[in-house]
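Engineer: Below is the file protein_38.cif, which contains mmCIF, C-alpha atoms.
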```
data_input
#
loop_
_atom_site.group_PDB
_atom_site.id
_atom_site.type_symbol
_atom_site.label_atom_id
_atom_site.label_comp_id
_atom_site.auth_asym_id
_atom_site.auth_seq_id
_atom_site.Cartn_x
_atom_site.Cartn_y
_atom_site.Cartn_z
ATOM 1 C CA MET A 1 0.000 0.000 0.000
ATOM 2 C CA SER A 2 1.254 3.429 -0.751
ATOM 3 C CA ALA A 3 1.061 6.317 1.653
ATOM 4 C CA ASN A 4 -0.531 8.474 -1.021
ATOM 5 C CA HIS A 5 -4.288 8.241 -0.401
ATOM 6 C CA HIS A 6 -5.901 10.830 -2.681
ATOM 7 C CA SER A 7 -9.404 10.655 -4.041
ATOM 8 C CA ALA A 8 -10.189 10.778 -7.738
ATOM 9 C CA SER A 9 -11.542 14.310 -7.357
ATOM 10 C CA GLU A 10 -8.191 15.548 -6.082
ATOM 11 C CA HIS A 11 -6.416 14.164 -9.155
ATOM 12 C CA THR A 12 -8.811 15.730 -11.661
ATOM 13 C CA GLY A 13 -9.169 19.050 -9.847
ATOM 14 C CA LYS A 14 -12.960 18.702 -9.602
ATOM 15 C CA ARG A 15 -14.855 19.118 -6.379
ATOM 16 C CA ALA A 16 -16.694 16.101 -5.088
ATOM 17 C CA HIS A 17 -20.465 16.450 -4.863
ATOM 18 C CA VAL A 18 -21.540 16.835 -1.256
ATOM 19 C CA HIS A 19 -24.954 15.356 -0.577
ATOM 20 C CA GLU A 20 -27.102 17.682 1.527
ATOM 21 C CA GLY A 21 -29.068 14.977 3.211
ATOM 22 C CA PRO A 22 -32.775 15.042 3.973
ATOM 23 C CA LYS A 23 -32.616 17.948 6.455
ATOM 24 C CA ASN A 24 -33.110 20.646 3.803
ATOM 25 C CA HIS A 25 -35.943 18.688 2.218
ATOM 26 C CA TYR A 26 -37.720 18.390 5.557
ATOM 27 C CA LEU A 27 -37.313 22.120 6.181
ATOM 28 C CA ALA A 28 -38.582 22.955 2.688
ATOM 29 C CA PHE A 29 -41.595 20.680 3.170
ATOM 30 C CA VAL A 30 -42.434 22.205 6.560
ATOM 31 C CA PHE A 31 -42.042 25.736 5.147
ATOM 32 C CA SER A 32 -44.419 24.881 2.279
ATOM 33 C CA ILE A 33 -46.987 23.496 4.715
ATOM 34 C CA VAL A 34 -46.702 26.644 6.862
ATOM 35 C CA LEU A 35 -47.281 28.868 3.819
ATOM 36 C CA THR A 36 -50.323 26.805 2.845
ATOM 37 C CA ILE A 37 -51.769 26.949 6.359
ATOM 38 C CA LEU A 38 -51.145 30.704 6.438
ATOM 39 C CA ALA A 39 -53.149 31.091 3.226
ATOM 40 C CA PHE A 40 -56.049 29.111 4.716
ATOM 41 C CA VAL A 41 -55.944 31.198 7.912
ATOM 42 C CA VAL A 42 -56.180 34.441 5.930
ATOM 43 C CA VAL A 43 -59.159 33.124 3.960
ATOM 44 C CA ILE A 44 -60.955 31.892 7.091
ATOM 45 C CA ALA A 45 -60.284 35.186 8.925
ATOM 46 C CA GLU A 46 -62.156 37.130 6.194
ATOM 47 C CA ILE A 47 -59.836 40.116 6.521
ATOM 48 C CA GLY A 48 -60.764 41.624 3.186
ATOM 49 C CA ARG A 49 -61.105 40.409 -0.360
ATOM 50 C CA THR A 50 -58.351 42.518 -1.945
ATOM 51 C CA PHE A 51 -55.887 41.836 0.853
ATOM 52 C CA THR A 52 -56.652 38.111 0.772
ATOM 53 C CA ILE A 53 -56.139 37.852 -2.991
ATOM 54 C CA LEU A 54 -52.887 39.821 -2.950
ATOM 55 C CA PHE A 55 -51.611 37.951 0.108
ATOM 56 C CA ILE A 56 -52.287 34.559 -1.460
ATOM 57 C CA LEU A 57 -50.595 35.668 -4.694
ATOM 58 C CA VAL A 58 -47.506 36.768 -2.758
ATOM 59 C CA LEU A 59 -47.481 33.505 -0.806
ATOM 60 C CA GLY A 60 -47.761 31.597 -4.096
ATOM 61 C CA ILE A 61 -44.804 33.432 -5.591
ATOM 62 C CA ILE A 62 -42.724 32.844 -2.463
ATOM 63 C CA GLN A 63 -43.630 29.172 -2.464
ATOM 64 C CA ALA A 64 -42.850 28.781 -6.183
ATOM 65 C CA VAL A 65 -39.406 30.336 -5.746
ATOM 66 C CA PHE A 66 -38.788 28.218 -2.677
ATOM 67 C CA GLN A 67 -39.821 25.043 -4.515
ATOM 68 C CA LEU A 68 -37.507 25.891 -7.402
ATOM 69 C CA ALA A 69 -34.612 26.528 -5.051
ATOM 70 C CA PHE A 70 -34.907 23.426 -2.896
ATOM 71 C CA TRP A 71 -36.841 20.755 -4.786
ATOM 72 C CA MET A 72 -35.557 21.611 -8.262
ATOM 73 C CA HIS A 73 -32.046 22.379 -6.916
ATOM 74 C CA MET A 74 -31.868 25.758 -8.658
ATOM 75 C CA LYS A 75 -29.771 27.058 -5.765
ATOM 76 C CA ASP A 76 -26.884 24.823 -6.857
ATOM 77 C CA ARG A 77 -24.250 25.768 -9.410
ATOM 78 C CA GLY A 78 -24.658 24.923 -13.066
ATOM 79 C CA HIS A 79 -28.295 25.904 -13.554
ATOM 80 C CA VAL A 80 -27.762 29.212 -15.354
ATOM 81 C CA TYR A 81 -29.666 28.207 -18.506
ATOM 82 C CA ALA A 82 -32.583 26.775 -16.551
ATOM 83 C CA ILE A 83 -32.821 29.892 -14.361
ATOM 84 C CA THR A 84 -32.612 32.126 -17.438
ATOM 85 C CA GLY A 85 -35.377 30.157 -19.185
ATOM 86 C CA ILE A 86 -37.661 30.185 -16.162
ATOM 87 C CA SER A 87 -37.066 33.918 -15.653
ATOM 88 C CA PHE A 88 -37.798 34.667 -19.302
ATOM 89 C CA GLY A 89 -40.962 32.544 -19.152
ATOM 90 C CA ALA A 90 -42.096 34.375 -16.008
ATOM 91 C CA ILE A 91 -41.548 37.743 -17.702
ATOM 92 C CA ILE A 92 -43.563 36.635 -20.747
ATOM 93 C CA ALA A 93 -46.364 35.244 -18.531
ATOM 94 C CA LEU A 94 -46.553 38.394 -16.394
ATOM 95 C CA THR A 95 -46.575 40.563 -19.521
ATOM 96 C CA GLY A 96 -49.433 38.492 -20.912
ATOM 97 C CA VAL A 97 -51.416 38.706 -17.676
ATOM 98 C CA ALA A 98 -50.853 42.476 -17.485
ATOM 99 C CA ALA A 99 -51.972 42.883 -21.112
ATOM 100 C CA VAL A 100 -55.155 40.876 -20.545
ATOM 101 C CA VAL A 101 -55.979 42.770 -17.344
ATOM 102 C CA TYR A 102 -55.401 46.097 -19.097
ATOM 103 C CA TRP A 103 -57.482 44.968 -22.075
ATOM 104 C CA ILE A 104 -60.412 43.856 -19.894
ATOM 105 C CA TRP A 105 -60.493 46.849 -17.555
ATOM 106 C CA TRP A 106 -59.977 49.629 -20.075
#
```
Translate the structure of the given file into structure tokens.
Structural biologist:
Amino acid sequence: MSANHHSASEHTGKRAHVHEGPKNHYLAFVFSIVLTILAFVVVIAEIGRTFTILFILVLGIIQAVFQLAFWMHMKDRGHVYAITGISFGAIIALTGVAAVVYWIWW
């Protein structure tokens, strides 16, 4: 046996992939459940229609970003093209929604 015990990643210069474990998935799941419960609480409380709609939309956006980051692993390196595509799609969708709302109301 030689005294030189290097891994394959040290020889190629690449970093080894470190597995996060289930802790982050559990936290992401709990956070999603909390956001969902919060939306139900606001609806049951009957605070106001406009506030409820806007609050649920904001919660939905937060949850979508959170799901992309943790479940789709967009927080990791190497997802530039996917993030760019999703961002471009979101811009197109929001532009379309704004155009339809403007068209209907005016």
Engineer: Padding 4 Å on every side, please: axis-aligned box over the listed atoms of stretch 80-93 of chain A, centre and edge lengths to one decimal in Å, as lines of an AutoDock Vina configuration file.
Structural biologist:
```
center_x = -37.1
center_y = 32.3
center_z = -17.6
size_x = 26.6
size_y = 19.0
size_z = 14.4
```
Engineer: Just say which residues the PyMOL selection byres ((chain A and resi 25) around 12) picks in this file, as a PyMOL selection string.
Structural biologist: chain A and resi 19-24+26-32+66-67+69-73
Engineer: When you look at stretch 47-60 of chain A with a cut-off of 7 Å (counting all atoms listed in the file), what residues show up, excluding the ones that are within fewer than 5 positions of it in the same chain? I need them as a list in words.
Structural biologist: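 Skipping anything fewer than 5 positions along the chain leaves Leu35, Ala39 and Val42 of chain A.
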Engineer: Report the distance between atom CA of A:Val97 and atom CA of A:Thr84 in Å, rounded to one decimal place.
Structural biologist: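 Interatomic distance, atom CA of A:Val97 to atom CA of A:Thr84: 19.9 Å.
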Engineer: What is the atom CA of A:Phe40-atom CA of A:Ile61 distance in Å, reported with one decimal?
Structural biologist: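 Atom CA of A:Ile61 lies 15.9 Å from atom CA of A:Phe40.
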Engineer: Give me, please, the distance in Å between atom CA of A:Thr36 and atom CA of A:Val101, quoted to one decimal.
Structural biologist: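 Computed distance, atom CA of A:Thr36 to atom CA of A:Val101, equals 26.4 Å.
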